[in-house]
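Chemist: Right, I'll just put the structure down here and ask away after.
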Amino acid sequence: MASSSDQLFSGKCCELLNAAAVGTAWAVASQSGLLRALLMDETPRSADGWAEKARAATKNTERILSTLGDANVVEVSVDEDGQTLYSVPSSRRAQMKEMGGIFETLILRPLDVETTFNMVQYRAQKVLDKDMPPEGLSQAA
């Protein structure tokens, strides 16, 4: 039987994997133009509607939006026909744009370690709007 420490570790691994899935979806949305489309229009649309607006692949768009919706990154609603709609409130736009850039760089653009940490620290400061860097990002590994 697994110890409570092992169970906590397994739970943490699951949290990190979920966060990685959200980060990957955010990165692909940023790189594909889907994020830009979402940030330019508050109108709730289906995945097909966003795919058309962003000129992105429908299958990928559904998966990306579903992942971001499950994480409460984008708002999810259902219309009278039962179709799932996605939108981004204007209050989230600036942070979403910055976070998209962070995840795109971290996941889709391999850089050396020091450059990566410097970029994340700089952009995290912009997102969090603080004078001090977030804990754990102050030094390169």
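Quick note on naming: the chains in the structure tokens go A, B, ... in the order shown, residues restart at 1 in each chain, and ligands are numbered from 1 in order of appearance.
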What's around stretch 81-94 of chain A at 8 Å? Count only C-alpha atoms, leave out sequence neighbours fewer than 2 positions away in its own chain, and write the answer as a ChimeraX atom specification.
Modeler: /A:38-39,41-47,65,69,74-79,96-98
Chemist: Restrict the selected residues to N, CA and C atoms and save them as a PDB file, in the first residue's frame.
Modeler:
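Final output, saved to out.pdb:
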ATOM      1  N   LEU A  38      -9.382  34.989 -30.308  1.00  0.00           N
ATOM      2  CA  LEU A  38     -10.148  35.026 -29.058  1.00  0.00           C
ATOM      3  C   LEU A  38     -10.040  36.379 -28.364  1.00  0.00           C
ATOM      4  N   LEU A  39      -8.877  36.990 -28.448  1.00  0.00           N
ATOM      5  CA  LEU A  39      -8.642  38.245 -27.747  1.00  0.00           C
ATOM      6  C   LEU A  39      -9.218  39.457 -28.484  1.00  0.00           C
ATOM      7  N   ASP A  41     -12.264  39.500 -29.951  1.00  0.00           N
ATOM      8  CA  ASP A  41     -13.721  39.456 -30.039  1.00  0.00           C
ATOM      9  C   ASP A  41     -14.285  38.739 -28.816  1.00  0.00           C
ATOM     10  N   GLU A  42     -15.173  39.409 -28.084  1.00  0.00           N
ATOM     11  CA  GLU A  42     -15.784  38.800 -26.890  1.00  0.00           C
ATOM     12  C   GLU A  42     -16.980  37.919 -27.218  1.00  0.00           C
ATOM     13  N   THR A  43     -17.394  37.885 -28.458  1.00  0.00           N
ATOM     14  CA  THR A  43     -18.577  37.128 -28.839  1.00  0.00           C
ATOM     15  C   THR A  43     -18.373  35.639 -28.582  1.00  0.00           C
ATOM     16  N   PRO A  44     -19.231  35.014 -27.802  1.00  0.00           N
ATOM     17  CA  PRO A  44     -19.120  33.561 -27.617  1.00  0.00           C
ATOM     18  C   PRO A  44     -19.347  32.842 -28.949  1.00  0.00           C
ATOM     19  N   ARG A  45     -18.462  31.907 -29.257  1.00  0.00           N
ATOM     20  CA  ARG A  45     -18.551  31.136 -30.503  1.00  0.00           C
ATOM     21  C   ARG A  45     -18.262  29.665 -30.213  1.00  0.00           C
ATOM     22  N   SER A  46     -18.722  28.837 -31.109  1.00  0.00           N
ATOM     23  CA  SER A  46     -18.400  27.415 -31.042  1.00  0.00           C
ATOM     24  C   SER A  46     -16.940  27.218 -31.449  1.00  0.00           C
ATOM     25  N   ALA A  47     -16.425  26.032 -31.209  1.00  0.00           N
ATOM     26  CA  ALA A  47     -15.058  25.720 -31.648  1.00  0.00           C
ATOM     27  C   ALA A  47     -14.945  25.886 -33.161  1.00  0.00           C
ATOM     28  N   LEU A  65      -9.717  24.544 -27.011  1.00  0.00           N
ATOM     29  CA  LEU A  65     -10.732  25.290 -26.265  1.00  0.00           C
ATOM     30  C   LEU A  65     -11.321  24.464 -25.127  1.00  0.00           C
ATOM     31  N   GLY A  69     -11.082  25.610 -21.430  1.00  0.00           N
ATOM     32  CA  GLY A  69     -12.357  25.757 -20.728  1.00  0.00           C
ATOM     33  C   GLY A  69     -12.395  24.960 -19.438  1.00  0.00           C
ATOM     34  N   VAL A  74     -10.726  30.091 -20.433  1.00  0.00           N
ATOM     35  CA  VAL A  74     -11.751  30.718 -21.273  1.00  0.00           C
ATOM     36  C   VAL A  74     -13.108  30.413 -20.649  1.00  0.00           C
ATOM     37  N   GLU A  75     -14.070  31.278 -20.925  1.00  0.00           N
ATOM     38  CA  GLU A  75     -15.419  31.033 -20.414  1.00  0.00           C
ATOM     39  C   GLU A  75     -16.160  30.096 -21.352  1.00  0.00           C
ATOM     40  N   VAL A  76     -16.921  29.209 -20.758  1.00  0.00           N
ATOM     41  CA  VAL A  76     -17.684  28.211 -21.503  1.00  0.00           C
ATOM     42  C   VAL A  76     -19.157  28.411 -21.194  1.00  0.00           C
ATOM     43  N   SER A  77     -19.959  28.407 -22.236  1.00  0.00           N
ATOM     44  CA  SER A  77     -21.409  28.486 -22.074  1.00  0.00           C
ATOM     45  C   SER A  77     -22.044  27.544 -23.089  1.00  0.00           C
ATOM     46  N   VAL A  78     -23.341  27.361 -22.964  1.00  0.00           N
ATOM     47  CA  VAL A  78     -24.076  26.500 -23.887  1.00  0.00           C
ATOM     48  C   VAL A  78     -25.252  27.299 -24.429  1.00  0.00           C
ATOM     49  N   ASP A  79     -25.426  27.273 -25.755  1.00  0.00           N
ATOM     50  CA  ASP A  79     -26.542  28.009 -26.349  1.00  0.00           C
ATOM     51  C   ASP A  79     -27.822  27.178 -26.285  1.00  0.00           C
ATOM     52  N   MET A  96      -3.903  37.010 -20.677  1.00  0.00           N
ATOM     53  CA  MET A  96      -3.945  35.851 -21.581  1.00  0.00           C
ATOM     54  C   MET A  96      -2.921  35.982 -22.693  1.00  0.00           C
ATOM     55  N   LYS A  97      -2.764  37.173 -23.219  1.00  0.00           N
ATOM     56  CA  LYS A  97      -1.774  37.394 -24.281  1.00  0.00           C
ATOM     57  C   LYS A  97      -0.369  37.109 -23.756  1.00  0.00           C
ATOM     58  N   GLU A  98      -0.041  37.661 -22.595  1.00  0.00           N
ATOM     59  CA  GLU A  98       1.290  37.440 -22.019  1.00  0.00           C
ATOM     60  C   GLU A  98       1.517  35.968 -21.691  1.00  0.00           C
TER      61      GLU A  98
END
Chemist: Which polymer residues have any atom within 10 Å of an atom of A:Ala29, counting only C-alpha atoms, with same-chain residues fewer than 4 positions away left out, as a count of residues only?
Modeler: 20
Chemist: Mind pulling up the distance from atom CA of A:Val28 to atom CA of A:Arg63?
Modeler: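 One can read the atom CA of A:Arg63 to atom CA of A:Val28 distance as 10.6 Å.
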Chemist: Calculate how many Å separate atom CA of A:Asp70 from atom CA of A:Leu111, rounding to one decimal.
Modeler: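 About the pair atom CA of A:Asp70 and atom CA of A:Leu111: they are 29.4 Å apart.
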Chemist: Quick one: distance from atom CA of A:Lys53 to atom CA of A:Met40 in Å, one decimal?
Modeler: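 Between atom CA of A:Lys53 and atom CA of A:Met40 the gap works out to 10.3 Å.
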Chemist: Write down as a PyMOL selection string the residues of stretch 72-112 of chain A whose backbone DSSP state falls under strand (DSSP E).
Modeler: chain A and resi 75-78+84-87
Chemist: Among chain A, which ones does DSSP assign to alpha helix (DSSP H) (computed from the backbone)? Answer as a PyMOL selection string.
Modeler: chain A and resi 4-32+34-40+47-54+58-70+93-103+113-128
